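Q: Sharing coords-v1.cif below, mmCIF, C-alpha atoms:
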data_my_file
loop_
_atom_site.label_atom_id
_atom_site.label_comp_id
_atom_site.auth_asym_id
_atom_site.auth_seq_id
_atom_site.Cartn_x
_atom_site.Cartn_y
_atom_site.Cartn_z
CA MET A 8 17.41 16.31 -34.68
CA ASN A 9 15.45 19.43 -33.74
CA LEU A 10 16.64 20.27 -30.24
CA LEU A 11 13.83 22.69 -29.42
CA GLY A 12 11.28 20.25 -30.77
CA ALA A 13 12.63 17.47 -28.59
CA LEU A 14 12.57 19.67 -25.50
CA GLY A 15 9.06 20.81 -26.40
CA LEU A 16 7.90 17.21 -26.65
CA ASN A 17 9.42 16.50 -23.23
CA PHE A 18 7.71 19.54 -21.74
CA GLY A 19 4.36 18.51 -23.22
CA LEU A 20 4.79 15.02 -21.79
CA LEU A 21 5.55 16.50 -18.38
CA VAL A 22 2.44 18.71 -18.48
CA ALA A 23 0.25 15.75 -19.47
CA ILE A 24 1.58 13.59 -16.64
CA MET A 25 1.18 16.41 -14.13
CA ILE A 26 -2.47 16.91 -15.16
CA ILE A 27 -3.19 13.22 -14.66
CA LEU A 28 -1.49 13.23 -11.26
CA TRP A 29 -3.35 16.39 -10.28
CA MET A 30 -6.63 14.64 -11.07
CA ILE A 31 -5.58 11.69 -8.89
CA SER A 32 -4.60 14.04 -6.05
CA VAL A 33 -8.01 15.73 -6.20
CA ARG A 34 -9.73 12.35 -6.02
CA ILE A 35 -7.75 11.25 -2.94
CA ARG A 36 -7.48 14.80 -1.54
CA ASP A 37 -3.72 14.57 -1.01
CA VAL A 38 -0.88 16.01 -3.08
CA SER A 39 1.95 14.66 -0.92
CA PHE A 40 3.09 12.11 -3.52
CA ILE A 41 4.29 15.03 -5.63
CA ASP A 42 7.67 14.71 -3.89
CA ALA A 43 8.06 11.20 -5.26
CA PHE A 44 7.15 12.37 -8.74
CA TRP A 45 9.77 15.15 -8.54
CA ALA A 46 12.39 12.39 -8.66
CA TYR A 47 10.51 10.05 -11.00
CA GLY A 48 9.81 12.99 -13.31
CA MET A 49 13.50 13.66 -13.83
CA ALA A 50 14.06 10.03 -14.77
CA ILE A 51 11.12 10.26 -17.18
CA MET A 52 12.49 13.44 -18.81
CA ALA A 53 15.91 11.83 -19.24
CA SER A 54 14.35 8.67 -20.67
CA ALA A 55 12.17 10.67 -23.08
CA ALA A 56 15.26 12.54 -24.29
CA PHE A 57 17.15 9.27 -24.70
CA MET A 58 14.35 7.79 -26.79
CA GLN A 59 14.62 10.74 -29.17
CA THR A 60 18.37 10.23 -29.68
CA SER A 61 19.06 8.39 -32.91
CA ASN A 62 22.69 7.47 -32.26
CA PRO A 63 23.36 7.41 -28.51
CA GLY A 64 26.95 6.87 -27.46
CA SER A 65 28.60 6.17 -24.13
CA LEU A 66 28.16 9.76 -22.93
CA ALA A 67 24.38 9.72 -23.55
CA TYR A 68 24.11 6.37 -21.79
CA MET A 69 26.07 7.74 -18.83
CA VAL A 70 23.87 10.81 -18.38
CA TRP A 71 20.69 8.75 -18.74
CA ALA A 72 21.87 6.03 -16.34
CA LEU A 73 22.90 8.47 -13.61
CA THR A 74 19.63 10.39 -13.85
CA ALA A 75 17.51 7.24 -13.92
CA LEU A 76 19.39 5.67 -11.00
CA TRP A 77 18.96 8.79 -8.87
CA GLY A 78 15.32 9.34 -9.85
CA ILE A 79 14.07 5.78 -9.46
CA ARG A 80 15.86 5.24 -6.14
CA LEU A 81 14.71 8.50 -4.56
CA GLY A 82 11.23 8.40 -6.09
CA THR A 83 10.59 4.89 -4.75
CA HIS A 84 11.90 5.85 -1.31
CA LEU A 85 9.61 8.90 -1.14
CA PHE A 86 6.60 7.05 -2.54
CA LEU A 87 6.90 4.26 0.04
CA ARG A 88 7.33 6.80 2.80
CA TRP A 89 4.18 8.59 1.68
CA ARG A 90 2.24 5.33 1.58
CA LYS A 91 3.33 4.60 5.15
CA GLU A 92 3.05 8.06 6.73
CA GLY A 93 0.20 9.62 4.74
CA MET A 94 -0.34 13.30 4.06
CA ASP A 95 2.66 15.58 4.46
CA PRO A 96 1.89 18.35 7.01
CA ARG A 97 3.68 20.89 4.80
CA TYR A 98 1.22 20.44 1.93
CA LYS A 99 -1.70 20.29 4.32
CA LYS A 100 -0.69 23.70 5.63
CA ILE A 101 -0.04 25.20 2.18
CA LEU A 102 -3.32 24.00 0.69
CA GLY A 103 -5.26 24.75 3.87
CA HIS A 104 -4.09 28.37 3.78
CA ALA A 105 -5.14 28.73 0.13
CA MET A 106 -8.54 27.23 0.86
CA ASP A 107 -9.25 29.06 4.14
CA LYS A 108 -7.69 32.44 3.43
CA GLN A 109 -8.13 32.74 -0.34
CA GLY A 110 -11.34 30.79 -0.82
CA MET A 111 -9.89 28.24 -3.24
CA SER A 112 -11.38 24.81 -3.74
CA PHE A 113 -9.12 21.86 -3.03
CA ALA A 114 -8.77 21.21 -6.77
CA LYS A 115 -7.71 24.78 -7.50
CA ALA A 116 -5.34 24.95 -4.55
CA ALA A 117 -3.74 21.63 -5.52
CA LEU A 118 -3.28 22.80 -9.10
CA LEU A 119 -1.91 26.28 -8.39
CA ARG A 120 0.00 25.68 -5.15
CA ALA A 121 1.50 22.31 -6.00
CA TRP A 122 1.37 20.74 -9.44
CA ALA A 123 1.54 23.78 -11.74
CA MET A 124 4.48 25.24 -9.84
CA GLN A 125 6.46 22.01 -10.16
CA ILE A 126 6.29 21.82 -13.95
CA PRO A 127 8.79 24.58 -14.87
CA LEU A 128 10.98 23.93 -11.84
CA LEU A 129 11.35 20.20 -12.56
CA PHE A 130 11.98 20.86 -16.25
CA ILE A 131 14.68 23.47 -15.55
CA VAL A 132 16.52 21.43 -12.92
CA CYS A 133 16.52 18.44 -15.27
CA LEU A 134 17.61 20.50 -18.29
CA PRO A 135 21.32 19.55 -18.08
CA ALA A 136 20.43 15.86 -18.28
CA GLN A 137 18.00 16.38 -21.17
CA LEU A 138 20.42 18.52 -23.16
CA GLY A 139 23.37 16.28 -22.40
CA ILE A 140 21.54 13.25 -23.78
CA LEU A 141 20.10 15.05 -26.81
CA LEU A 142 23.43 16.64 -27.79
CA ALA A 143 25.79 13.78 -26.98
CA ASP A 144 25.13 11.64 -30.07
CA ALA A 145 28.12 9.26 -30.26
CA ASP A 146 30.48 11.48 -28.22
CA PRO A 147 33.04 9.59 -26.13
CA VAL A 148 33.45 10.16 -22.41
CA ASP A 149 36.20 12.63 -21.44
CA LEU A 150 37.99 13.13 -18.12
CA VAL A 151 35.60 15.87 -16.94
CA ALA A 152 32.65 13.57 -17.57
CA ILE A 153 34.30 10.80 -15.55
CA ILE A 154 34.90 13.22 -12.67
CA GLY A 155 31.27 14.33 -12.91
CA ALA A 156 30.06 10.72 -12.84
CA VAL A 157 32.13 10.02 -9.71
CA ILE A 158 30.65 13.10 -8.00
CA ALA A 159 27.12 12.05 -8.99
CA LEU A 160 27.63 8.49 -7.73
CA ILE A 161 29.01 9.82 -4.45
CA GLY A 162 25.90 11.98 -4.16
CA ILE A 163 23.56 9.05 -4.85
CA ALA A 164 25.39 6.87 -2.33
CA PHE A 165 25.47 9.64 0.28
CA GLU A 166 21.76 10.28 -0.06
CA THR A 167 20.88 6.59 -0.04
CA ILE A 168 22.91 5.86 3.09
CA GLY A 169 21.49 8.92 4.83
CA ASP A 170 17.93 7.86 4.04
CA MET A 171 18.60 4.33 5.27
CA GLN A 172 20.07 5.61 8.53
CA LEU A 173 17.11 7.92 9.10
CA LYS A 174 14.61 5.16 8.34
CA ALA A 175 16.31 2.80 10.79
CA PHE A 176 16.42 5.53 13.45
CA ARG A 177 12.72 6.33 13.09
CA SER A 178 11.71 2.67 13.13
CA ASN A 179 13.02 2.37 16.70
CA SER A 180 10.30 3.58 19.06
CA ALA A 181 12.94 4.43 21.68
CA ASN A 182 14.12 7.26 19.42
CA LYS A 183 10.76 9.05 19.28
CA GLY A 184 11.29 12.79 19.78
CA LYS A 185 15.07 12.43 19.58
CA VAL A 186 17.47 13.85 17.01
CA LEU A 187 19.55 11.58 14.79
CA ASP A 188 23.18 12.67 15.25
CA SER A 189 25.13 9.56 14.27
CA GLY A 190 26.34 8.14 10.97
CA LEU A 191 26.32 10.70 8.17
CA TRP A 192 23.99 12.84 10.27
CA LYS A 193 26.89 13.50 12.62
CA TYR A 194 28.69 15.46 9.91
CA THR A 195 25.84 17.26 8.17
CA ARG A 196 22.26 18.00 9.20
CA HIS A 197 21.06 17.18 5.68
CA PRO A 198 22.84 14.19 4.08
CA ASN A 199 19.93 13.72 1.68
CA TYR A 200 20.03 17.30 0.43
CA PHE A 201 23.82 17.21 0.13
CA GLY A 202 23.45 14.02 -1.91
CA ASP A 203 21.03 15.76 -4.29
CA PHE A 204 23.48 18.66 -4.58
CA CYS A 205 26.37 16.38 -5.56
CA THR A 206 24.26 14.31 -7.93
CA TRP A 207 23.03 17.19 -10.03
CA TRP A 208 26.31 19.06 -10.14
CA GLY A 209 27.91 15.79 -11.18
CA ILE A 210 25.34 15.22 -13.94
CA TRP A 211 25.90 18.76 -15.17
CA LEU A 212 29.66 18.10 -15.37
CA VAL A 213 29.08 14.87 -17.29
CA ALA A 214 26.87 16.68 -19.81
CA ALA A 215 29.04 19.82 -20.04
CA GLN A 216 31.35 18.46 -22.73
CA THR A 217 28.46 18.61 -25.23
CA GLY A 218 28.77 22.40 -25.48
CA TRP A 219 27.31 25.79 -24.65
CA PRO A 220 23.61 24.83 -24.25
CA VAL A 221 24.54 22.71 -21.23
CA TRP A 222 26.82 25.48 -19.94
CA ILE A 223 23.80 27.79 -19.93
CA ALA A 224 21.75 25.04 -18.31
CA ILE A 225 23.93 25.50 -15.22
CA VAL A 226 20.85 27.40 -14.04
CA GLY A 227 19.43 23.94 -13.19
CA PRO A 228 21.94 22.90 -10.51
CA LEU A 229 22.22 26.51 -9.36
CA PHE A 230 18.48 26.72 -8.75
CA LEU A 231 18.45 23.32 -7.05
CA SER A 232 21.30 24.42 -4.77
CA PHE A 233 19.39 27.58 -3.85
CA THR A 234 16.23 25.56 -3.19
CA LEU A 235 18.00 23.04 -0.97
CA MET A 236 20.14 25.48 0.98
CA LYS A 237 18.15 28.71 1.15
CA TRP A 238 14.51 28.24 0.19
CA SER A 239 12.19 25.24 0.61
CA GLY A 240 14.74 22.59 1.60
CA ALA A 241 16.83 22.91 4.74
CA PRO A 242 15.42 26.25 6.04
CA LEU A 243 11.77 25.14 5.94
CA LEU A 244 12.52 21.77 7.52
CA GLU A 245 14.68 23.22 10.27
CA LYS A 246 12.09 25.84 11.15
CA SER A 247 9.67 23.05 11.98
CA LEU A 248 12.23 20.89 13.79
CA LYS A 249 13.37 23.73 16.06
CA LYS A 250 9.77 24.22 17.20
CA ASN A 251 9.03 20.56 17.87
CA ARG A 252 12.37 19.19 19.12
CA PRO A 253 14.26 21.13 21.82
CA ASP A 254 17.45 19.11 21.25
CA TYR A 255 17.61 20.29 17.66
CA VAL A 256 19.02 23.68 18.65
CA ASP A 257 22.05 22.00 20.23
CA TYR A 258 22.34 19.77 17.17
CA ILE A 259 22.48 22.87 14.97
CA GLU A 260 25.26 24.37 17.07
CA ARG A 261 27.56 21.37 16.69
CA THR A 262 26.66 20.04 13.23
CA SER A 263 27.37 21.50 9.80
CA GLY A 264 24.27 22.84 8.07
CA PHE A 265 25.00 21.36 4.66
CA PHE A 266 28.53 20.38 3.63
CA PRO A 267 29.90 17.47 5.71
CA MET A 268 32.31 18.68 8.39
CA PRO A 269 33.63 17.28 11.70
CA PRO A 270 31.19 18.13 14.50
CA LYS A 271 31.97 21.09 16.78
CA LYS A 272 32.38 20.72 20.50
CA THR A 273 29.65 22.41 22.53
CA ALA A 274 28.92 22.88 26.22
CA ASN A 275 26.65 19.82 26.14
CA ARG A 276 29.11 17.57 24.32
#
Show how you would write the structure in this file as structure tokens.
A:
Amino acid sequence: MNLLGALGLNFGLLVAIMIILWMISVRIRDVSFIDAFWAYGMAIMASAAFMQTSNPGSLAYMVWALTALWGIRLGTHLFLRWRKEGMDPRYKKILGHAMDKQGMSFAKAALLRAWAMQIPLLFIVCLPAQLGILLADADPVDLVAIIGAVIALIGIAFETIGDMQLKAFRSNSANKGKVLDSGLWKYTRHPNYFGDFCTWWGIWLVAAQTGWPVWIAIVGPLFLSFTLMKWSGAPLLEKSLKKNRPDYVDYIERTSGFFPMPPKKTANR
């Protein structure tokens, strides 16, 4: 099997899908469903890699199953949320700035500020899963892979429970304008992001026994961790929440920003 050829085929598939989705977003004038495709896209990349494996063993099945489980669950959750809530204000602001300040058309802004940027980022973050599947062949599962699978499953469960708790909280009209600080949200301000973090570090550990290409692909979970903790994940979300919800400042003071920890005692609690 030609490893570079297989990865190239996956990348070409990703570009083709992104172009089709970009055309749909131009037609409906909304790119917000890109978040759902971020998760679905990873499952697609893993599945495309699996289909190119001639003799998949238990390790390849494990990497594929973990990636597909995470991607389909999260992608469906985000797609249904988009269908219910409509356009994401973040993308409206990003595209609006490009159109108003830089004179871009909606089509150009959607392509350059959303879809085109996601192609290399999605491919890189998903690289450990792709390489792990393509290189595994009939390799058995070792202890490190089992540990990685446990970490990934904890991450998927953590994220799923956090999303369910947030959905239930928002569905109660009495909670409008309030901050969710119970359940998993009592121990971390971002259970969903922490779940992503665990999932992709776990998948990298599962795939790591296949050798040095996956070791180099550690750039995937490293970049995802940076994105979630320092760039467009928690920081961007919290900037908005601090402006719109006065109680959020107190929530920040007593609740861990990322890794689950017992809440701190504050003057108000």
Q: Here's the selection I'm unsure about, the PyMOL selection byres ((chain A and resi 50-61) around 7); applied to the file above, which residues does it give, as a list in words?
A: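 That selection, the PyMOL selection byres ((chain A and resi 50-61) around 7), comes back as Asn17, Ala46, Tyr47, Gly48, Met49, Asn62, Pro63, Trp71, Thr74, Ala75, Gly78, Ile79, Ala136, Gln137, Ile140, Leu141 and Asp144 of chain A.
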Q: Please expand the PyMOL selection byres ((chain A and resi 95) around 10) into the concrete residues it hits in this file, giving the result as a VMD selection string.
A: chain A and resid 37 to 40 42 89 92 to 94 96 to 100
Q: Using only C-alpha atoms, which of the listed residues (A:Pro127, A:Gly190, A:Pro147, A:Gly12) sits closest to Val213 in chain A?
A: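 Among the listed residues, the smallest separation from Val213 in chain A belongs to A:Pro147.
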Q: How many Å lie between CA of Leu16 in chain A and CA of Ala156 in chain A, rounded to one decimal?
A: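 Computing the Euclidean distance for CA of Leu16 in chain A and CA of Ala156 in chain A yields 26.9 Å.
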Q: Any idea what's packed within 10 Å of range 103-119 of chain A, counting all atoms listed in the file, ignoring anything in its chain fewer than 2 positions away? Could you give it as a count of residues only?
A: 21
Q: Compare A:His84, A:Arg261, A:Arg252, A:Arg196 by their minimum atom-to-atom distance to Gly240 in chain A, counting all atoms listed in the file, and give me the closest one.
A: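 Closest to Gly240 in chain A of all the choices is A:Arg196.
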Q: Just want the 6 Å neighbourhood of range 161-165 of chain A, counted on all atoms listed in the file, with same-chain residues fewer than 5 positions away dropped. Output as a VMD selection string.
A: chain A and resid 202 205 to 206
Q: Fewer than 2 positions away in the same chain doesn't count, so skip those; otherwise give me all residues within 12 Å of Ile259 in chain A, counting only C-alpha atoms, as a ChimeraX atom specification.
A: /A:186-188,192-197,241-242,245-246,248-249,252-257,261-265,270-273
Q: Check the smallest atom-to-atom distance from each of A:Leu21, A:Leu229, A:Ile168, A:Leu212 to Leu129 in chain A using only C-alpha atoms, then report the winner.
A: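 Answer, going by the shortest atom-to-atom distance: A:Leu21.
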Q: Within 7 Å of Leu66 in chain A, counting all atoms listed in the file, which residues show up once you throw out same-chain ones fewer than 2 positions away? Write them as a list in words, please.
A: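 Final neighbour list, sorted by chain and number: Gly64, Tyr68, Met69, Val70, Ala143, Asp146, Pro147 and Val148 of chain A.
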Q: Quote the spacing between CA of Gly19 in chain A and CA of Ala224 in chain A in Å to one decimal place.
A: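 Distance between the two atoms: 19.2 Å.
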Q: Calculate how many Å separate CA of Phe176 in chain A from CA of Asn251 in chain A, rounding to one decimal.
A: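 CA of Asn251 in chain A lies 17.3 Å from CA of Phe176 in chain A.
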Q: Hey, which of A:Arg88, A:Gly15, A:Asn9, A:Ala67 ends up closest to Ala43 in chain A? Count only C-alpha atoms.
A: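 Among A:Arg88, A:Gly15, A:Asn9, A:Ala67, it is A:Arg88 that comes nearest to Ala43 in chain A.
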Q: Find, counting only C-alpha atoms, the residue in A:Ser189, A:Ile223, A:Thr167, A:Leu138 that gets nearest to Ala13 in chain A.
A: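 Distance minimum relative to Ala13 in chain A lands on A:Leu138.
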Q: Per residue of range 165-208 of chain A within 10 Å of range 231-235 of chain A, which atom pair is closest and at what distance in Å (one decimal), using only C-alpha atoms, listed by chain and increasing number, as a Markdown table?
A:
| residue | atom | partner | partner_atom | distance |
| --- | --- | --- | --- | --- |
| A:His197 | CA | A:Leu235 | CA | 9.4 |
| A:Asn199 | CA | A:Leu235 | CA | 9.9 |
| A:Tyr200 | CA | A:Leu235 | CA | 6.2 |
| A:Phe201 | CA | A:Leu235 | CA | 8.3 |
| A:Asp203 | CA | A:Leu231 | CA | 8.5 |
| A:Phe204 | CA | A:Ser232 | CA | 6.2 |
| A:Cys205 | CA | A:Ser232 | CA | 9.5 |
| A:Trp207 | CA | A:Leu231 | CA | 8.2 |
| A:Trp208 | CA | A:Ser232 | CA | 9.1 |
Q: Which residue is closest to Lys91 in chain A? Choose from A:Ala72, A:Lys174, A:Gly155, A:Gly139 and count only C-alpha atoms.
A: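 Result for the nearest residue to Lys91 in chain A: A:Lys174.
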Q: Where's the centre, and what are the edge lengths in Å to one decimal, of a box along x, y and z enclosing all listed atoms of range 32-48 of chain A padded 5 Å per side, as lines of an AutoDock Vina configuration file?
A:
center_x = 1.3
center_y = 13.0
center_z = -7.1
size_x = 32.1
size_y = 16.0
size_z = 22.4
Q: How would you write, as a PyMOL selection string, the residues chosen by the PyMOL selection byres ((chain A and resi 217) around 7) on this structure?
A: chain A and resi 139+142-143+214-216+218+221
